[in-house]
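Trainee: One structure is given below, represented as structure tokens, and several questions about it will come after.
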Amino acid sequence: FHGTAGRLDYALSVAHETSEGFDARPGVGFPDRDGYRSTSASARLGWALNDAHRLEATALTNDQNSQYDGFASTADDRAQNDVQTLGLT
């Protein structure tokens with residue numbers, strides 16, 4: 001979703017992705033399908049102060065959970081990441 005209004009412009013986005021995964025090591029260690037989930041959103045707001053200068057603010061958030069087969073592990077190995085960033089230029 002994006003648009004402009006005079007010297008102001010904006011953009012918004014949301015995404016979600018999943019995978020049920022598969023058992024990469026059947027019969028070895030912890031039998032599981034090792035799925036994946038990621039949800040993210042971003043926003044941008046810009047303002048043209050004049051023809052030579054611009055001000056822009058950005059924001060991003062992402063929540064991710066990934067399962068994987070670890071080396072010689074019987075645990076349900078996973079990586080969980082939460083990232084948030086803000087920017088002003």
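We label chains A, B, ... in the order they appear in the structure tokens, count residues from 1 in each chain, and number ligands from 1 in the order shown.
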Residues at most 10 Å from stretch 54-63 of chain A, counting only C-alpha atoms, excluding those fewer than 2 positions away in the same chain, as a PyMOL selection string?

Mentor: chain A and resi 7-16+37-52+65+80-89

Trainee: Just to be explicit: take each residue in the selection above, keep N, CA and C atoms, and write the result as a JSON list (two decimals), in the first residue's frame.

Mentor:
```json
[["chain", "number", "residue", "atom", "x", "y", "z"],
["A", 7, "ARG", "N", 3.60, 17.02, -1.19],
["A", 7, "ARG", "CA", 5.01, 16.72, -0.93],
["A", 7, "ARG", "C", 5.21, 15.52, -0.01],
["A", 8, "LEU", "N", 4.12, 14.93, 0.43],
["A", 8, "LEU", "CA", 4.15, 13.79, 1.34],
["A", 8, "LEU", "C", 3.99, 12.48, 0.56],
["A", 9, "ASP", "N", 4.78, 11.45, 0.91],
["A", 9, "ASP", "CA", 4.59, 10.12, 0.32],
["A", 9, "ASP", "C", 4.73, 9.07, 1.42],
["A", 10, "TYR", "N", 4.13, 7.91, 1.19],
["A", 10, "TYR", "CA", 4.11, 6.87, 2.22],
["A", 10, "TYR", "C", 4.04, 5.49, 1.58],
["A", 11, "ALA", "N", 4.43, 4.50, 2.37],
["A", 11, "ALA", "CA", 4.32, 3.11, 1.94],
["A", 11, "ALA", "C", 4.17, 2.23, 3.19],
["A", 12, "LEU", "N", 3.30, 1.25, 3.11],
["A", 12, "LEU", "CA", 3.08, 0.29, 4.18],
["A", 12, "LEU", "C", 3.08, -1.11, 3.58],
["A", 13, "SER", "N", 3.66, -2.08, 4.29],
["A", 13, "SER", "CA", 3.61, -3.45, 3.81],
["A", 13, "SER", "C", 3.57, -4.41, 5.00],
["A", 14, "VAL", "N", 2.92, -5.54, 4.79],
["A", 14, "VAL", "CA", 2.83, -6.61, 5.77],
["A", 14, "VAL", "C", 3.04, -7.92, 5.02],
["A", 15, "ALA", "N", 3.78, -8.85, 5.63],
["A", 15, "ALA", "CA", 4.02, -10.14, 4.99],
["A", 15, "ALA", "C", 4.00, -11.25, 6.03],
["A", 16, "HIS", "N", 3.55, -12.42, 5.60],
["A", 16, "HIS", "CA", 3.56, -13.61, 6.46],
["A", 16, "HIS", "C", 3.90, -14.81, 5.59],
["A", 37, "ARG", "N", 8.34, -20.03, 10.22],
["A", 37, "ARG", "CA", 7.31, -18.99, 10.23],
["A", 37, "ARG", "C", 7.99, -17.63, 10.29],
["A", 38, "SER", "N", 7.54, -16.70, 9.48],
["A", 38, "SER", "CA", 8.07, -15.34, 9.49],
["A", 38, "SER", "C", 6.93, -14.35, 9.25],
["A", 39, "THR", "N", 6.84, -13.34, 10.11],
["A", 39, "THR", "CA", 5.84, -12.29, 9.96],
["A", 39, "THR", "C", 6.57, -10.95, 10.04],
["A", 40, "SER", "N", 6.30, -10.06, 9.09],
["A", 40, "SER", "CA", 6.99, -8.77, 9.09],
["A", 40, "SER", "C", 6.06, -7.66, 8.65],
["A", 41, "ALA", "N", 6.44, -6.45, 9.03],
["A", 41, "ALA", "CA", 5.70, -5.25, 8.63],
["A", 41, "ALA", "C", 6.70, -4.10, 8.48],
["A", 42, "SER", "N", 6.42, -3.21, 7.54],
["A", 42, "SER", "CA", 7.29, -2.05, 7.37],
["A", 42, "SER", "C", 6.45, -0.83, 7.01],
["A", 43, "ALA", "N", 6.99, 0.34, 7.34],
["A", 43, "ALA", "CA", 6.32, 1.60, 7.04],
["A", 43, "ALA", "C", 7.37, 2.63, 6.66],
["A", 44, "ARG", "N", 7.00, 3.51, 5.73],
["A", 44, "ARG", "CA", 7.88, 4.60, 5.32],
["A", 44, "ARG", "C", 7.04, 5.84, 5.12],
["A", 45, "LEU", "N", 7.52, 6.97, 5.65],
["A", 45, "LEU", "CA", 6.85, 8.24, 5.47],
["A", 45, "LEU", "C", 7.89, 9.26, 5.04],
["A", 46, "GLY", "N", 7.66, 9.90, 3.90],
["A", 46, "GLY", "CA", 8.62, 10.87, 3.37],
["A", 46, "GLY", "C", 7.98, 12.22, 3.13],
["A", 47, "TRP", "N", 8.79, 13.26, 3.28],
["A", 47, "TRP", "CA", 8.31, 14.61, 3.05],
["A", 47, "TRP", "C", 9.38, 15.39, 2.31],
["A", 48, "ALA", "N", 9.04, 15.90, 1.13],
["A", 48, "ALA", "CA", 9.96, 16.73, 0.34],
["A", 48, "ALA", "C", 9.89, 18.15, 0.89],
["A", 49, "LEU", "N", 10.94, 18.55, 1.61],
["A", 49, "LEU", "CA", 10.96, 19.89, 2.19],
["A", 49, "LEU", "C", 11.01, 20.95, 1.11],
["A", 50, "ASN", "N", 11.80, 20.68, 0.07],
["A", 50, "ASN", "CA", 11.89, 21.53, -1.11],
["A", 50, "ASN", "C", 12.47, 20.65, -2.22],
["A", 51, "ASP", "N", 12.85, 21.23, -3.33],
["A", 51, "ASP", "CA", 13.37, 20.43, -4.45],
["A", 51, "ASP", "C", 14.72, 19.78, -4.15],
["A", 52, "ALA", "N", 15.47, 20.29, -3.16],
["A", 52, "ALA", "CA", 16.81, 19.77, -2.88],
["A", 52, "ALA", "C", 16.90, 18.95, -1.59],
["A", 65, "ASN", "N", 10.58, -17.67, 13.41],
["A", 65, "ASN", "CA", 10.80, -18.89, 14.17],
["A", 65, "ASN", "C", 11.13, -19.99, 13.18],
["A", 80, "GLN", "N", 14.88, -18.41, 17.07],
["A", 80, "GLN", "CA", 13.81, -17.43, 17.20],
["A", 80, "GLN", "C", 14.43, -16.04, 17.14],
["A", 81, "ASN", "N", 13.95, -15.20, 16.23],
["A", 81, "ASN", "CA", 14.48, -13.86, 16.05],
["A", 81, "ASN", "C", 13.36, -12.85, 16.02],
["A", 82, "ASP", "N", 13.54, -11.77, 16.77],
["A", 82, "ASP", "CA", 12.65, -10.62, 16.73],
["A", 82, "ASP", "C", 13.52, -9.40, 16.44],
["A", 83, "VAL", "N", 13.20, -8.70, 15.35],
["A", 83, "VAL", "CA", 14.01, -7.55, 14.93],
["A", 83, "VAL", "C", 13.10, -6.35, 14.74],
["A", 84, "GLN", "N", 13.52, -5.22, 15.29],
["A", 84, "GLN", "CA", 12.83, -3.95, 15.06],
["A", 84, "GLN", "C", 13.87, -2.90, 14.71],
["A", 85, "THR", "N", 13.61, -2.10, 13.70],
["A", 85, "THR", "CA", 14.52, -1.02, 13.33],
["A", 85, "THR", "C", 13.70, 0.25, 13.06],
["A", 86, "LEU", "N", 14.32, 1.38, 13.35],
["A", 86, "LEU", "CA", 13.75, 2.68, 13.04],
["A", 86, "LEU", "C", 14.82, 3.50, 12.34],
["A", 87, "GLY", "N", 14.43, 4.32, 11.39],
["A", 87, "GLY", "CA", 15.40, 5.15, 10.69],
["A", 87, "GLY", "C", 14.84, 6.54, 10.41],
["A", 88, "LEU", "N", 15.72, 7.51, 10.39],
["A", 88, "LEU", "CA", 15.34, 8.88, 10.03],
["A", 88, "LEU", "C", 16.47, 9.45, 9.19],
["A", 89, "THR", "N", 16.14, 9.85, 7.97],
["A", 89, "THR", "CA", 17.14, 10.43, 7.07],
["A", 89, "THR", "C", 16.64, 11.73, 6.50]]
```

Trainee: Within 9 Å of A:Asp23, counting only C-alpha atoms, which residues qualify if same-chain residues fewer than 4 places away don't, as a ChimeraX atom specification?

Mentor: /A:31-34,69

Trainee: Would you put the residues from that selection into a file with N, CA and C atoms, as a CSV table (one decimal), in the first residue's frame?

Mentor:
```csv
chain,number,residue,atom,x,y,z
A,31,PRO,N,12.7,-37.0,15.5
A,31,PRO,CA,11.9,-37.0,14.3
A,31,PRO,C,10.9,-35.8,14.3
A,32,ASP,N,11.2,-34.8,13.4
A,32,ASP,CA,10.3,-33.7,13.3
A,32,ASP,C,10.4,-33.1,11.9
A,33,ARG,N,9.4,-32.2,11.6
A,33,ARG,CA,9.3,-31.7,10.2
A,33,ARG,C,10.1,-30.4,10.0
A,34,ASP,N,10.5,-29.8,11.0
A,34,ASP,CA,11.4,-28.6,10.9
A,34,ASP,C,10.7,-27.5,10.1
A,69,ASP,N,17.4,-29.3,12.2
A,69,ASP,CA,18.1,-30.5,12.8
A,69,ASP,C,19.5,-30.1,13.1
```

Trainee: Considering only C-alpha atoms, return as a compact mmCIF listing (two decimals) with N, CA and C atoms, in the first residue's frame whatever protein or nucleic-acid residues lie within 6 Å of A:Tyr36, sequence-local ones (same chain, fewer than 2 positions apart) excluded.

Mentor:
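Generated output (result30.txt):
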```txt
# COMPACT_ATOMS: atom_id res chain seq x y z
N THR A 18 4.97 -19.15 5.83
CA THR A 18 5.13 -20.36 6.64
C THR A 18 5.52 -21.54 5.76
N SER A 19 6.14 -22.51 6.39
CA SER A 19 6.45 -23.77 5.74
C SER A 19 6.28 -24.87 6.78
N ASN A 65 10.58 -17.67 13.41
CA ASN A 65 10.80 -18.89 14.17
C ASN A 65 11.13 -19.99 13.18
N SER A 66 12.36 -20.53 13.26
CA SER A 66 12.81 -21.56 12.33
C SER A 66 13.25 -22.79 13.11
```

Trainee: For a test of reading the model, state the distance in Å between atom CA of A:Glu17 and atom CA of A:Gln64, rounded to one decimal.

Mentor: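 Those two atoms sit 9.5 Å apart.
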
Trainee: Could you go through chain A and tell me which residues DSSP, when run on the backbone, assigns to strand (DSSP E or B), listing them as a PyMOL selection string?

Mentor: chain A and resi 2-5+8-19+36-48+54-67+78-88

Trainee: Could you write out that same residue set with N, CA and C atoms as a short mmCIF file (atom, residue, chain, number, x, y, z; two decimals), in the first residue's frame?

Mentor:
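Saved result, selection29.cif, follows:
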```cif
data_model
loop_
_atom_site.label_atom_id
_atom_site.label_comp_id
_atom_site.auth_asym_id
_atom_site.auth_seq_id
_atom_site.Cartn_x
_atom_site.Cartn_y
_atom_site.Cartn_z
N HIS A 2 0.73 2.13 -0.95
CA HIS A 2 1.57 3.31 -1.02
C HIS A 2 0.82 4.44 -1.72
N GLY A 3 1.34 5.64 -1.55
CA GLY A 3 0.70 6.77 -2.21
C GLY A 3 1.44 8.07 -1.94
N THR A 4 0.89 9.13 -2.51
CA THR A 4 1.44 10.47 -2.32
C THR A 4 0.30 11.46 -2.12
N ALA A 5 0.64 12.55 -1.44
CA ALA A 5 -0.30 13.66 -1.25
C ALA A 5 0.54 14.93 -1.18
N LEU A 8 4.12 14.93 0.43
CA LEU A 8 4.15 13.79 1.34
C LEU A 8 3.99 12.48 0.56
N ASP A 9 4.78 11.45 0.91
CA ASP A 9 4.59 10.12 0.32
C ASP A 9 4.73 9.07 1.42
N TYR A 10 4.13 7.91 1.19
CA TYR A 10 4.11 6.87 2.22
C TYR A 10 4.04 5.49 1.58
N ALA A 11 4.43 4.50 2.37
CA ALA A 11 4.32 3.11 1.94
C ALA A 11 4.17 2.23 3.19
N LEU A 12 3.30 1.25 3.11
CA LEU A 12 3.08 0.29 4.18
C LEU A 12 3.08 -1.11 3.58
N SER A 13 3.66 -2.08 4.29
CA SER A 13 3.61 -3.45 3.81
C SER A 13 3.57 -4.41 5.00
N VAL A 14 2.92 -5.54 4.79
CA VAL A 14 2.83 -6.61 5.77
C VAL A 14 3.04 -7.92 5.02
N ALA A 15 3.78 -8.85 5.63
CA ALA A 15 4.02 -10.14 4.99
C ALA A 15 4.00 -11.25 6.03
N HIS A 16 3.55 -12.42 5.60
CA HIS A 16 3.56 -13.61 6.46
C HIS A 16 3.90 -14.81 5.59
N GLU A 17 4.82 -15.62 6.07
CA GLU A 17 5.26 -16.79 5.30
C GLU A 17 5.42 -17.97 6.26
N THR A 18 4.97 -19.15 5.83
CA THR A 18 5.13 -20.36 6.64
C THR A 18 5.52 -21.54 5.76
N SER A 19 6.14 -22.51 6.39
CA SER A 19 6.45 -23.77 5.74
C SER A 19 6.28 -24.87 6.78
N TYR A 36 8.87 -23.47 9.53
CA TYR A 36 9.38 -22.11 9.47
C TYR A 36 8.20 -21.16 9.48
N ARG A 37 8.34 -20.03 10.22
CA ARG A 37 7.31 -18.99 10.23
C ARG A 37 7.99 -17.63 10.29
N SER A 38 7.54 -16.70 9.48
CA SER A 38 8.07 -15.34 9.49
C SER A 38 6.93 -14.35 9.25
N THR A 39 6.84 -13.34 10.11
CA THR A 39 5.84 -12.29 9.96
C THR A 39 6.57 -10.95 10.04
N SER A 40 6.30 -10.06 9.09
CA SER A 40 6.99 -8.77 9.09
C SER A 40 6.06 -7.66 8.65
N ALA A 41 6.44 -6.45 9.03
CA ALA A 41 5.70 -5.25 8.63
C ALA A 41 6.70 -4.10 8.48
N SER A 42 6.42 -3.21 7.54
CA SER A 42 7.29 -2.05 7.37
C SER A 42 6.45 -0.83 7.01
N ALA A 43 6.99 0.34 7.34
CA ALA A 43 6.32 1.60 7.04
C ALA A 43 7.37 2.63 6.66
N ARG A 44 7.00 3.51 5.73
CA ARG A 44 7.88 4.60 5.32
C ARG A 44 7.04 5.84 5.12
N LEU A 45 7.52 6.97 5.65
CA LEU A 45 6.85 8.24 5.47
C LEU A 45 7.89 9.26 5.04
N GLY A 46 7.66 9.90 3.90
CA GLY A 46 8.62 10.87 3.37
C GLY A 46 7.98 12.22 3.13
N TRP A 47 8.79 13.26 3.28
CA TRP A 47 8.31 14.61 3.05
C TRP A 47 9.38 15.39 2.31
N ALA A 48 9.04 15.90 1.13
CA ALA A 48 9.96 16.73 0.34
C ALA A 48 9.89 18.15 0.89
N ARG A 54 14.95 16.35 1.48
CA ARG A 54 13.86 15.42 1.78
C ARG A 54 14.07 14.84 3.18
N LEU A 55 12.99 14.62 3.89
CA LEU A 55 13.01 13.99 5.20
C LEU A 55 12.23 12.68 5.10
N GLU A 56 12.81 11.59 5.65
CA GLU A 56 12.14 10.30 5.54
C GLU A 56 12.30 9.51 6.84
N ALA A 57 11.21 8.91 7.29
CA ALA A 57 11.22 8.04 8.47
C ALA A 57 10.81 6.63 8.04
N THR A 58 11.49 5.63 8.59
CA THR A 58 11.19 4.24 8.26
C THR A 58 11.09 3.41 9.54
N ALA A 59 10.31 2.34 9.48
CA ALA A 59 10.18 1.40 10.59
C ALA A 59 10.02 0.00 10.01
N LEU A 60 10.62 -0.98 10.67
CA LEU A 60 10.53 -2.37 10.24
C LEU A 60 10.47 -3.25 11.47
N THR A 61 9.61 -4.27 11.44
CA THR A 61 9.58 -5.29 12.48
C THR A 61 9.47 -6.65 11.82
N ASN A 62 10.14 -7.65 12.40
CA ASN A 62 10.10 -9.01 11.88
C ASN A 62 10.16 -10.00 13.04
N ASP A 63 9.27 -10.98 13.02
CA ASP A 63 9.24 -12.05 14.01
C ASP A 63 9.42 -13.35 13.24
N GLN A 64 10.45 -14.12 13.61
CA GLN A 64 10.79 -15.32 12.84
C GLN A 64 11.06 -16.48 13.78
N ASN A 65 10.58 -17.67 13.41
CA ASN A 65 10.80 -18.89 14.17
C ASN A 65 11.13 -19.99 13.18
N SER A 66 12.36 -20.53 13.26
CA SER A 66 12.81 -21.56 12.33
C SER A 66 13.25 -22.79 13.11
N GLN A 67 12.78 -23.95 12.70
CA GLN A 67 13.22 -25.20 13.31
C GLN A 67 14.24 -25.85 12.38
N ARG A 78 15.88 -24.86 17.32
CA ARG A 78 15.17 -23.78 16.64
C ARG A 78 15.91 -22.47 16.81
N ALA A 79 15.62 -21.55 15.93
CA ALA A 79 16.14 -20.19 16.01
C ALA A 79 14.93 -19.25 16.06
N GLN A 80 14.88 -18.41 17.07
CA GLN A 80 13.81 -17.43 17.20
C GLN A 80 14.43 -16.04 17.14
N ASN A 81 13.95 -15.20 16.23
CA ASN A 81 14.48 -13.86 16.05
C ASN A 81 13.36 -12.85 16.02
N ASP A 82 13.54 -11.77 16.77
CA ASP A 82 12.65 -10.62 16.73
C ASP A 82 13.52 -9.40 16.44
N VAL A 83 13.20 -8.70 15.35
CA VAL A 83 14.01 -7.55 14.93
C VAL A 83 13.10 -6.35 14.74
N GLN A 84 13.52 -5.22 15.29
CA GLN A 84 12.83 -3.95 15.06
C GLN A 84 13.87 -2.90 14.71
N THR A 85 13.61 -2.10 13.70
CA THR A 85 14.52 -1.02 13.33
C THR A 85 13.70 0.25 13.06
N LEU A 86 14.32 1.38 13.35
CA LEU A 86 13.75 2.68 13.04
C LEU A 86 14.82 3.50 12.34
N GLY A 87 14.43 4.32 11.39
CA GLY A 87 15.40 5.15 10.69
C GLY A 87 14.84 6.54 10.41
N LEU A 88 15.72 7.51 10.39
CA LEU A 88 15.34 8.88 10.03
C LEU A 88 16.47 9.45 9.19
#
```
